[in-house]
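my_file_19.cif (mmCIF, C-alpha atoms) appears below.
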```
data_entry
#
loop_
_atom_site.group_PDB
_atom_site.id
_atom_site.type_symbol
_atom_site.label_atom_id
_atom_site.label_comp_id
_atom_site.auth_asym_id
_atom_site.auth_seq_id
_atom_site.Cartn_x
_atom_site.Cartn_y
_atom_site.Cartn_z
ATOM 1 C CA MET A 1 5.758 4.927 20.821
ATOM 2 C CA ILE A 2 5.837 8.355 19.254
ATOM 3 C CA ASN A 3 7.192 11.144 21.447
ATOM 4 C CA ASN A 4 4.704 13.619 22.949
ATOM 5 C CA LEU A 5 1.732 11.555 21.772
ATOM 6 C CA SER A 6 -0.550 12.872 24.526
ATOM 7 C CA GLU A 7 0.340 16.475 23.615
ATOM 8 C CA ILE A 8 -0.265 15.777 19.939
ATOM 9 C CA LYS A 9 -3.617 14.252 20.822
ATOM 10 C CA ASP A 10 -4.554 17.298 22.909
ATOM 11 C CA ALA A 11 -3.591 19.693 20.110
ATOM 12 C CA TYR A 12 -5.655 17.734 17.614
ATOM 13 C CA GLU A 13 -8.705 17.400 19.862
ATOM 14 C CA ASN A 14 -8.530 21.109 20.712
ATOM 15 C CA ARG A 15 -8.314 21.923 16.976
ATOM 16 C CA ASP A 16 -5.119 23.871 17.617
ATOM 17 C CA LEU A 17 -3.416 23.879 14.226
ATOM 18 C CA ALA A 18 -0.507 26.054 15.371
ATOM 19 C CA ALA A 19 0.260 23.783 18.322
ATOM 20 C CA LEU A 20 0.078 20.684 16.117
ATOM 21 C CA ASN A 21 2.422 22.280 13.595
ATOM 22 C CA GLU A 22 5.135 22.481 16.274
ATOM 23 C CA PHE A 23 5.391 18.674 16.241
ATOM 24 C CA ALA A 24 5.861 18.422 12.461
ATOM 25 C CA SER A 25 9.626 18.474 12.270
ATOM 26 C CA PRO A 26 11.323 17.210 9.068
ATOM 27 C CA SER A 27 13.988 14.543 9.571
ATOM 28 C CA HIS A 28 15.944 12.153 7.375
ATOM 29 C CA ARG A 29 14.066 8.998 6.366
ATOM 30 C CA ASN A 30 15.458 5.778 4.961
ATOM 31 C CA LEU A 31 13.122 5.331 2.016
ATOM 32 C CA ASN A 32 11.490 1.951 1.530
ATOM 33 C CA LYS A 33 12.116 0.987 -2.099
ATOM 34 C CA LYS A 34 10.477 -2.449 -1.934
ATOM 35 C CA SER A 35 8.068 -3.253 -4.742
ATOM 36 C CA ASN A 36 7.063 -6.779 -3.705
ATOM 37 C CA PHE A 37 4.229 -5.690 -1.404
ATOM 38 C CA ARG A 38 1.039 -7.746 -1.630
ATOM 39 C CA SER A 39 -1.403 -5.915 0.634
ATOM 40 C CA VAL A 40 -2.163 -2.178 0.515
ATOM 41 C CA LEU A 41 -4.121 -0.857 3.517
ATOM 42 C CA MET A 42 -5.815 2.534 3.638
ATOM 43 C CA LEU A 43 -5.481 4.623 6.832
ATOM 44 C CA SER A 44 -7.165 8.009 7.184
ATOM 45 C CA CYS A 45 -4.736 10.603 8.487
ATOM 46 C CA ASN A 46 -7.416 12.259 10.589
ATOM 47 C CA ASN A 47 -7.652 9.121 12.746
ATOM 48 C CA LEU A 48 -4.872 9.427 15.314
ATOM 49 C CA HIS A 49 -5.692 6.065 16.891
ATOM 50 C CA HIS A 50 -5.180 4.256 13.580
ATOM 51 C CA LEU A 51 -1.932 6.110 12.866
ATOM 52 C CA THR A 52 -0.436 4.867 16.127
ATOM 53 C CA LYS A 53 -0.941 1.276 14.932
ATOM 54 C CA ILE A 54 1.286 1.547 11.851
ATOM 55 C CA GLU A 55 4.066 -0.600 13.334
ATOM 56 C CA SER A 56 1.731 -3.425 14.378
ATOM 57 C CA LEU A 57 -0.232 -3.684 11.118
ATOM 58 C CA GLU A 58 0.386 -6.686 8.862
ATOM 59 C CA ALA A 59 -0.041 -4.733 5.637
ATOM 60 C CA HIS A 60 3.070 -4.473 3.475
ATOM 61 C CA CYS A 61 2.088 -1.048 2.149
ATOM 62 C CA ILE A 62 0.097 1.609 4.010
ATOM 63 C CA ILE A 63 -1.728 4.465 2.310
ATOM 64 C CA LEU A 64 -1.773 7.549 4.539
ATOM 65 C CA ASN A 65 -4.962 9.029 3.188
ATOM 66 C CA LEU A 66 -5.653 12.758 2.938
ATOM 67 C CA GLU A 67 -8.413 12.487 0.352
ATOM 68 C CA ASP A 68 -11.723 10.559 0.527
ATOM 69 C CA GLY A 69 -13.117 10.139 4.027
ATOM 70 C CA VAL A 70 -11.290 13.204 5.368
ATOM 71 C CA SER A 71 -13.598 16.199 5.658
ATOM 72 C CA LYS A 72 -12.606 19.585 4.272
ATOM 73 C CA GLU A 73 -12.332 20.929 7.829
ATOM 74 C CA ASP A 74 -10.090 18.047 8.882
ATOM 75 C CA LYS A 75 -7.703 18.105 5.918
ATOM 76 C CA PRO A 76 -5.195 20.646 7.388
ATOM 77 C CA PHE A 77 -4.982 18.598 10.603
ATOM 78 C CA ALA A 78 -4.672 15.335 8.684
ATOM 79 C CA LEU A 79 -1.764 16.767 6.667
ATOM 80 C CA LEU A 80 0.116 17.743 9.847
ATOM 81 C CA LEU A 81 -0.542 14.365 11.492
ATOM 82 C CA CYS A 82 0.728 12.678 8.322
ATOM 83 C CA ALA A 83 3.944 14.729 8.488
ATOM 84 C CA ILE A 84 4.401 13.974 12.199
ATOM 85 C CA PHE A 85 4.093 10.225 11.712
ATOM 86 C CA LEU A 86 6.383 10.225 8.681
ATOM 87 C CA SER A 87 9.010 11.947 10.828
ATOM 88 C CA HIS A 88 8.521 9.351 13.546
ATOM 89 C CA HIS A 89 8.956 6.406 11.177
ATOM 90 C CA LYS A 90 12.462 7.226 9.982
ATOM 91 C CA LYS A 91 12.772 3.619 8.834
ATOM 92 C CA CYS A 92 9.738 1.440 8.277
ATOM 93 C CA GLU A 93 9.314 -2.117 6.991
ATOM 94 C CA LYS A 94 5.966 -1.044 5.569
ATOM 95 C CA LYS A 95 5.955 1.154 2.491
ATOM 96 C CA LEU A 96 4.410 4.492 3.534
ATOM 97 C CA VAL A 97 2.502 6.140 0.693
ATOM 98 C CA VAL A 98 0.592 9.421 1.075
ATOM 99 C CA ARG A 99 -2.579 9.760 -0.989
ATOM 100 C CA VAL A 100 -2.935 13.497 -1.528
ATOM 101 C CA ASN A 101 -6.020 15.272 -2.801
ATOM 102 C CA ALA A 102 -6.691 15.832 -6.488
ATOM 103 C CA LEU A 103 -4.198 18.228 -8.055
ATOM 104 C CA ASP A 104 -6.766 20.976 -8.542
ATOM 105 C CA GLU A 105 -8.079 20.497 -4.998
ATOM 106 C CA GLY A 106 -4.876 21.157 -3.067
ATOM 107 C CA GLY A 107 -2.774 18.220 -4.252
ATOM 108 C CA TYR A 108 0.104 20.309 -5.585
ATOM 109 C CA GLU A 109 0.378 22.249 -2.315
ATOM 110 C CA GLU A 110 0.290 19.051 -0.257
ATOM 111 C CA ILE A 111 3.059 17.471 -2.337
ATOM 112 C CA ALA A 112 5.226 20.601 -1.987
ATOM 113 C CA TYR A 113 4.748 20.500 1.782
ATOM 114 C CA LEU A 114 5.344 16.736 2.094
ATOM 115 C CA ASN A 115 8.576 16.851 0.088
ATOM 116 C CA LYS A 116 10.576 17.753 3.196
ATOM 117 C CA PHE A 117 9.097 14.809 5.115
ATOM 118 C CA MET A 118 10.057 12.309 2.383
ATOM 119 C CA PRO A 119 7.258 9.731 2.193
ATOM 120 C CA ASP A 120 8.230 6.571 0.346
ATOM 121 C CA ALA A 121 5.722 7.540 -2.333
ATOM 122 C CA VAL A 122 2.974 10.017 -3.139
ATOM 123 C CA ARG A 123 -0.243 8.706 -4.659
ATOM 124 C CA VAL A 124 -2.182 11.122 -6.844
ATOM 125 C CA PRO A 125 -5.917 10.531 -7.396
ATOM 126 C CA LYS A 126 -8.054 11.490 -10.383
ATOM 127 C CA ILE A 127 -5.044 11.793 -12.680
ATOM 128 C CA LYS A 128 -5.966 12.370 -16.325
ATOM 129 C CA ASN A 129 -2.993 12.772 -18.650
ATOM 130 C CA LYS A 130 0.771 12.721 -19.040
ATOM 131 C CA LYS A 131 1.020 16.508 -18.716
ATOM 132 C CA GLU A 132 -0.324 16.276 -15.156
ATOM 133 C CA VAL A 133 2.069 13.425 -14.374
ATOM 134 C CA GLU A 134 5.017 15.426 -15.701
ATOM 135 C CA SER A 135 4.054 18.408 -13.558
ATOM 136 C CA VAL A 136 4.031 16.257 -10.420
ATOM 137 C CA CYS A 137 7.362 14.634 -11.299
ATOM 138 C CA GLU A 138 8.927 18.083 -11.620
ATOM 139 C CA LEU A 139 7.612 19.044 -8.188
ATOM 140 C CA LEU A 140 8.371 15.797 -6.376
ATOM 141 C CA ASN A 141 11.699 15.415 -4.549
ATOM 142 C CA GLU A 142 14.210 12.962 -5.995
ATOM 143 C CA GLY A 143 13.886 9.542 -4.375
ATOM 144 C CA ILE A 144 10.148 9.752 -3.713
ATOM 145 C CA GLU A 145 8.094 7.443 -5.927
ATOM 146 C CA LEU A 146 4.960 8.586 -7.717
ATOM 147 C CA HIS A 147 1.925 6.296 -7.613
ATOM 148 C CA LEU A 148 -1.220 7.003 -9.645
ATOM 149 C CA SER A 149 -4.877 6.175 -9.076
ATOM 150 C CA ILE A 150 -6.484 5.141 -12.368
ATOM 151 C CA GLU A 151 -10.063 6.259 -11.819
ATOM 152 C CA THR A 152 -10.969 8.666 -14.646
ATOM 153 C CA LYS A 153 -11.916 7.865 -18.220
ATOM 154 C CA GLU A 154 -9.045 10.095 -19.397
ATOM 155 C CA ALA A 155 -6.500 8.129 -17.366
ATOM 156 C CA TRP A 156 -7.894 4.895 -18.793
ATOM 157 C CA GLN A 157 -7.608 6.223 -22.327
ATOM 158 C CA ASN A 158 -4.037 7.426 -21.691
ATOM 159 C CA LEU A 159 -2.957 4.475 -19.544
ATOM 160 C CA SER A 160 0.015 3.384 -21.628
ATOM 161 C CA GLU A 161 1.409 6.961 -21.728
ATOM 162 C CA LEU A 162 1.371 7.769 -18.016
ATOM 163 C CA ARG A 163 4.809 6.418 -17.096
ATOM 164 C CA THR A 164 6.584 9.628 -18.011
ATOM 165 C CA ASP A 165 9.442 9.273 -15.528
ATOM 166 C CA LYS A 166 11.282 6.618 -13.513
ATOM 167 C CA LYS A 167 9.574 8.020 -10.411
ATOM 168 C CA VAL A 168 6.266 6.555 -11.629
ATOM 169 C CA THR A 169 6.188 2.994 -10.303
ATOM 170 C CA VAL A 170 2.674 1.893 -9.276
ATOM 171 C CA PHE A 171 -0.899 2.203 -10.592
ATOM 172 C CA TYR A 172 -3.991 1.523 -8.472
ATOM 173 C CA LEU A 173 -7.249 0.568 -10.159
ATOM 174 C CA GLY A 174 -10.031 2.751 -8.727
ATOM 175 C CA ILE A 175 -12.866 0.731 -10.165
ATOM 176 C CA LEU A 176 -15.848 2.465 -8.510
ATOM 177 C CA ASP A 177 -14.843 5.973 -9.588
ATOM 178 C CA LEU A 178 -13.761 4.709 -12.999
ATOM 179 C CA PHE A 179 -17.094 3.002 -13.664
ATOM 180 C CA ALA A 180 -18.948 6.111 -12.486
ATOM 181 C CA ASP A 181 -16.889 8.339 -14.778
ATOM 182 C CA MET A 182 -17.588 6.008 -17.708
ATOM 183 C CA LYS A 183 -21.321 5.959 -16.859
ATOM 184 C CA LEU A 184 -21.147 2.194 -16.263
ATOM 185 C CA PRO A 185 -23.422 0.651 -13.592
ATOM 186 C CA GLN A 186 -21.618 -0.763 -10.578
ATOM 187 C CA ASN A 187 -23.540 -4.019 -10.777
ATOM 188 C CA LEU A 188 -21.104 -4.909 -13.572
ATOM 189 C CA ILE A 189 -18.415 -5.340 -10.910
ATOM 190 C CA SER A 190 -18.767 -9.090 -10.810
ATOM 191 C CA ARG A 191 -16.343 -11.988 -11.261
ATOM 192 C CA GLU A 192 -18.557 -13.363 -14.041
ATOM 193 C CA ASN A 193 -18.964 -10.127 -15.986
ATOM 194 C CA SER A 194 -16.988 -9.953 -19.237
ATOM 195 C CA THR A 195 -16.596 -6.157 -19.096
ATOM 196 C CA MET A 196 -15.099 -6.374 -15.624
ATOM 197 C CA LEU A 197 -12.739 -9.167 -16.652
ATOM 198 C CA TYR A 198 -11.662 -7.131 -19.668
ATOM 199 C CA MET A 199 -10.986 -4.095 -17.439
ATOM 200 C CA LEU A 200 -8.800 -6.162 -15.113
ATOM 201 C CA SER A 201 -6.955 -7.795 -18.010
ATOM 202 C CA HIS A 202 -6.336 -4.559 -19.877
ATOM 203 C CA PHE A 203 -5.157 -2.804 -16.723
ATOM 204 C CA LEU A 204 -2.800 -5.649 -15.800
ATOM 205 C CA VAL A 205 -1.300 -6.174 -19.258
ATOM 206 C CA THR A 206 -0.819 -2.467 -19.925
ATOM 207 C CA CYS A 207 0.893 -1.956 -16.572
ATOM 208 C CA LYS A 208 3.200 -4.917 -17.149
ATOM 209 C CA THR A 209 4.021 -3.690 -20.667
ATOM 210 C CA ILE A 210 5.227 -0.298 -19.430
ATOM 211 C CA GLY A 211 7.002 -1.602 -16.313
ATOM 212 C CA ILE A 212 4.434 -0.547 -13.711
ATOM 213 C CA LYS A 213 3.248 -2.540 -10.679
ATOM 214 C CA PRO A 214 -0.558 -2.947 -10.908
ATOM 215 C CA VAL A 215 -2.600 -2.985 -7.689
ATOM 216 C CA SER A 216 -6.113 -4.335 -8.017
ATOM 217 C CA PHE A 217 -9.182 -2.497 -6.773
ATOM 218 C CA VAL A 218 -10.524 -2.191 -3.222
ATOM 219 C CA TYR A 219 -13.421 -4.546 -2.492
ATOM 220 C CA GLN A 220 -15.809 -2.430 -0.412
ATOM 221 C CA GLU A 221 -17.857 -5.199 1.253
ATOM 222 C CA PHE A 222 -15.156 -5.778 3.857
ATOM 223 C CA LYS A 223 -17.271 -8.193 5.924
ATOM 224 C CA ASN A 224 -17.790 -10.541 2.972
ATOM 225 C CA LEU A 225 -14.412 -12.237 3.214
ATOM 226 C CA GLN A 226 -15.551 -15.277 1.265
ATOM 227 C CA GLU A 227 -16.219 -13.195 -1.844
ATOM 228 C CA PHE A 228 -13.059 -11.160 -1.259
ATOM 229 C CA GLU A 229 -11.022 -14.366 -1.227
ATOM 230 C CA LYS A 230 -12.591 -15.437 -4.530
ATOM 231 C CA TRP A 231 -11.630 -12.089 -6.077
ATOM 232 C CA ILE A 232 -8.015 -12.454 -4.940
ATOM 233 C CA SER A 233 -7.808 -16.022 -6.226
ATOM 234 C CA LEU A 234 -9.119 -14.890 -9.610
ATOM 235 C CA GLU A 235 -6.717 -11.938 -9.748
ATOM 236 C CA LYS A 236 -3.777 -14.128 -8.802
ATOM 237 C CA GLU A 237 -4.631 -16.499 -11.661
ATOM 238 C CA MET A 238 -4.676 -13.492 -13.992
ATOM 239 C CA GLY A 239 -1.221 -12.334 -12.856
ATOM 240 C CA PHE A 240 -1.873 -9.743 -10.135
ATOM 241 C CA ASP A 241 0.231 -9.850 -6.977
ATOM 242 C CA ALA A 242 -1.232 -6.991 -4.890
ATOM 243 C CA LYS A 243 -4.644 -5.673 -3.840
ATOM 244 C CA GLY A 244 -6.047 -2.669 -2.033
ATOM 245 C CA CYS A 245 -7.533 -3.450 1.383
ATOM 246 C CA ILE A 246 -9.720 -1.651 3.905
ATOM 247 C CA SER A 247 -9.527 -4.026 6.871
ATOM 248 C CA PRO A 248 -6.933 -6.183 8.697
ATOM 249 C CA ALA A 249 -8.893 -9.302 7.741
ATOM 250 C CA GLN A 250 -8.599 -8.411 4.049
ATOM 251 C CA VAL A 251 -4.879 -7.805 4.546
ATOM 252 C CA GLU A 252 -4.423 -11.258 6.041
ATOM 253 C CA LEU A 253 -6.127 -12.901 3.079
ATOM 254 C CA ALA A 254 -4.181 -10.865 0.530
ATOM 255 C CA ASN A 255 -0.863 -11.685 2.204
ATOM 256 C CA GLY A 256 -1.723 -15.374 2.269
ATOM 257 C CA ILE A 257 -2.942 -15.742 -1.309
ATOM 258 C CA PHE A 258 -0.559 -13.374 -3.097
ATOM 259 C CA ILE A 259 2.419 -15.307 -1.842
ATOM 260 C CA ASP A 260 5.616 -15.910 -3.775
ATOM 261 C CA GLU A 261 5.344 -19.697 -3.742
ATOM 262 C CA GLU A 262 8.797 -20.383 -5.161
ATOM 263 C CA LYS A 263 10.555 -18.238 -2.555
ATOM 264 C CA GLN A 264 8.431 -19.674 0.239
ATOM 265 C CA ILE A 265 9.267 -23.233 -0.810
ATOM 266 C CA ILE A 266 12.995 -22.445 -0.883
ATOM 267 C CA ARG A 267 12.734 -20.787 2.538
ATOM 268 C CA ALA A 268 10.826 -23.755 4.006
ATOM 269 C CA LYS A 269 13.347 -26.272 2.641
ATOM 270 C CA ASN A 270 16.275 -24.327 4.092
ATOM 271 C CA ILE A 271 14.614 -23.980 7.514
ATOM 272 C CA ILE A 272 13.897 -27.726 7.587
ATOM 273 C CA LYS A 273 17.475 -28.519 6.619
ATOM 274 C CA LEU A 274 18.929 -26.172 9.261
ATOM 275 C CA PHE A 275 16.632 -27.415 12.035
ATOM 276 C CA GLU A 276 17.306 -31.091 11.347
ATOM 277 C CA LYS A 277 21.060 -30.445 11.244
ATOM 278 C CA HIS A 278 20.981 -28.655 14.614
ATOM 279 C CA LYS A 279 18.645 -31.241 16.136
ATOM 280 C CA GLU A 280 21.243 -33.938 15.483
ATOM 281 C CA GLN A 281 23.464 -31.939 17.855
ATOM 282 C CA GLY A 282 20.712 -31.693 20.457
ATOM 283 C CA ILE A 283 19.851 -28.064 19.596
ATOM 284 C CA THR A 284 16.180 -27.305 18.925
ATOM 285 C CA GLY A 285 16.252 -23.531 19.215
ATOM 286 C CA PHE A 286 18.801 -21.267 17.508
ATOM 287 C CA LYS A 287 19.175 -18.011 15.569
ATOM 288 C CA ASP A 288 20.066 -18.012 11.883
ATOM 289 C CA ASP A 289 21.488 -14.903 10.196
ATOM 290 C CA GLU A 290 19.081 -15.159 7.263
ATOM 291 C CA TYR A 291 15.899 -16.668 8.730
ATOM 292 C CA GLY A 292 16.009 -15.418 12.295
ATOM 293 C CA PHE A 293 15.060 -17.593 15.282
ATOM 294 C CA ILE A 294 14.210 -21.190 14.390
ATOM 295 C CA ASP A 295 12.652 -23.673 16.804
ATOM 296 C CA GLU A 296 10.323 -26.681 16.553
ATOM 297 C CA PRO A 297 7.097 -24.677 15.879
ATOM 298 C CA ILE A 298 8.887 -22.802 13.063
ATOM 299 C CA TYR A 299 10.142 -26.152 11.735
ATOM 300 C CA LYS A 300 6.633 -27.650 11.826
ATOM 301 C CA GLY A 301 5.264 -24.580 10.057
ATOM 302 C CA ALA A 302 7.852 -25.011 7.302
ATOM 303 C CA MET A 303 6.931 -28.669 6.971
ATOM 304 C CA ALA A 304 3.229 -27.809 6.691
ATOM 305 C CA LEU A 305 3.905 -25.177 4.041
ATOM 306 C CA LEU A 306 6.075 -27.567 2.056
ATOM 307 C CA ASN A 307 3.406 -30.286 2.216
ATOM 308 C CA ARG A 308 0.872 -27.782 0.890
ATOM 309 C CA TYR A 309 2.877 -26.964 -2.239
ATOM 310 C CA MET A 310 4.705 -30.228 -2.952
#
```
Here is a file; write its structure as structure tokens.
Amino acid sequence: MINNLSEIKDAYENRDLAALNEFASPSHRNLNKKSNFRSVLMLSCNNLHHLTKIESLEAHCIILNLEDGVSKEDKPFALLLCAIFLSHHKKCEKKLVVRVNALDEGGYEEIAYLNKFMPDAVRVPKIKNKKEVESVCELLNEGIELHLSIETKEAWQNLSELRTDKKVTVFYLGILDLFADMKLPQNLISRENSTMLYMLSHFLVTCKTIGIKPVSFVYQEFKNLQEFEKWISLEKEMGFDAKGCISPAQVELANGIFIDEEKQIIRAKNIIKLFEKHKEQGITGFKDDEYGFIDEPIYKGAMALLNRYM
């Protein structure tokens, strides 16, 4: 639990920016450099309740959002809460990415401020060209990754040129904003539509060509999990391995479908081998240095997974 949480809550609810600022203390963070995340969950930084759940969330990557969904009046408070929670999570298994506002809407200032709190990455929305990317790379502290939202027609046109620096590692497909900017109707966002399939293919192949991790678009109808699952299955067949999510249920599906089958099979085989070896000695519960605690339920789970893929 974060220290002084009740005081932080009081400062936020009382709209006391100066009091909240006292809790934003920079500290060293062990940056999460993992790139094999499958689920990317959006959390608004003006929602204190959601921020306190970071450790318990199943998402591999969490977007600490300062942009859409955060009102103009709330943005200064959201920025401070973001800094406070970054300081608290000095080491986090989840990749913590801050989505700042557009560069001409306060993004540069937010990045300059966040530098001292060292998020794992900064995600810039509404990017347009390599000159903008270069300007952010110059500003961004060494070690912090730069992620880009591809949601303008200019960014789409310049897609292959946007990896201007080794800091640039991930692109997110912002399909709703991109279609709007291109004057394309949103009813084209369908699994059967050839334009949509082309957009996904072009985005994926271009990203892979320039050494960027592509993250597929957020599916807004979060209650329609059946359709969401069909989208993920299609995207996996195409070559994607990560998707933006807006609910824990979407995260669970993304984690389950975008699974590294080869690694999971190897892991299951090793767990089965270890358990059966220990069982011969009368031991059915033990800790392994690589796989953690193994007992009969873990063994049965490994068997079930192996039967699914073999």
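Omitting stretch 202-217 of chain A and its sequence neighbours fewer than 5 positions away, and counting all atoms listed in the file, the residues within 6 Å are A:Thr169, A:Val170, A:Phe171, A:Tyr172, A:Leu173, A:Gly174, A:Ile175, A:Ala242, A:Lys243, A:Gly244.
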- Which value, in Å to one decimal, gives the distance between atom CA of A:Asp16 and atom CA of A:Ile2?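 Answer for the atom CA of A:Asp16 to atom CA of A:Ile2 separation: 19.1 Å.
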- Query: Quick one: distance from atom CA of A:Ala254 to atom CA of A:Gly239 in Å, one decimal?
  - Reply: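 Going from atom CA of A:Ala254 over to atom CA of A:Gly239, I get 13.8 Å.
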Please enumerate the residues selected by the PyMOL selection byres ((chain A and resi 149) around 12) when evaluated against the supplied file, formatted as a short mmCIF file (atom, residue, chain, number, x, y, z; two decimals) with C-alpha atoms, in the frame of the given file.
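Result saved to part_28.cif:
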```
data_model
loop_
_atom_site.label_atom_id
_atom_site.label_comp_id
_atom_site.auth_asym_id
_atom_site.auth_seq_id
_atom_site.Cartn_x
_atom_site.Cartn_y
_atom_site.Cartn_z
CA ILE A 63 -1.73 4.46 2.31
CA GLU A 67 -8.41 12.49 0.35
CA VAL A 98 0.59 9.42 1.08
CA ARG A 99 -2.58 9.76 -0.99
CA VAL A 100 -2.94 13.50 -1.53
CA ASN A 101 -6.02 15.27 -2.80
CA ALA A 102 -6.69 15.83 -6.49
CA VAL A 122 2.97 10.02 -3.14
CA ARG A 123 -0.24 8.71 -4.66
CA VAL A 124 -2.18 11.12 -6.84
CA PRO A 125 -5.92 10.53 -7.40
CA LYS A 126 -8.05 11.49 -10.38
CA ILE A 127 -5.04 11.79 -12.68
CA LYS A 128 -5.97 12.37 -16.32
CA ASN A 129 -2.99 12.77 -18.65
CA VAL A 133 2.07 13.42 -14.37
CA LEU A 146 4.96 8.59 -7.72
CA HIS A 147 1.92 6.30 -7.61
CA LEU A 148 -1.22 7.00 -9.64
CA ILE A 150 -6.48 5.14 -12.37
CA GLU A 151 -10.06 6.26 -11.82
CA THR A 152 -10.97 8.67 -14.65
CA LYS A 153 -11.92 7.86 -18.22
CA GLU A 154 -9.04 10.10 -19.40
CA ALA A 155 -6.50 8.13 -17.37
CA TRP A 156 -7.89 4.89 -18.79
CA LEU A 159 -2.96 4.47 -19.54
CA LEU A 162 1.37 7.77 -18.02
CA VAL A 168 6.27 6.56 -11.63
CA THR A 169 6.19 2.99 -10.30
CA VAL A 170 2.67 1.89 -9.28
CA PHE A 171 -0.90 2.20 -10.59
CA TYR A 172 -3.99 1.52 -8.47
CA LEU A 173 -7.25 0.57 -10.16
CA GLY A 174 -10.03 2.75 -8.73
CA ILE A 175 -12.87 0.73 -10.16
CA LEU A 176 -15.85 2.46 -8.51
CA ASP A 177 -14.84 5.97 -9.59
CA LEU A 178 -13.76 4.71 -13.00
CA PHE A 203 -5.16 -2.80 -16.72
CA PRO A 214 -0.56 -2.95 -10.91
CA VAL A 215 -2.60 -2.98 -7.69
CA SER A 216 -6.11 -4.34 -8.02
CA PHE A 217 -9.18 -2.50 -6.77
CA VAL A 218 -10.52 -2.19 -3.22
CA GLY A 244 -6.05 -2.67 -2.03
#
```
- Item | Contact residues around stretch 249-252 of chain A with only C-alpha atoms at 8 Å, ignoring same-chain residues under 6 positions, as number ranges by chain | A: 39-41, 58-59, 222, 225, 228
- Could you give me, as a VMD selection string, the residues within 12 Å of A:Pro76, counting only C-alpha atoms and dropping anything in the same chain fewer than 6 positions from it? chain A and resid 12 15 to 18 20 to 21 45 to 46 66 to 67 70 82 to 83 100 to 101 106 109 to 110 113
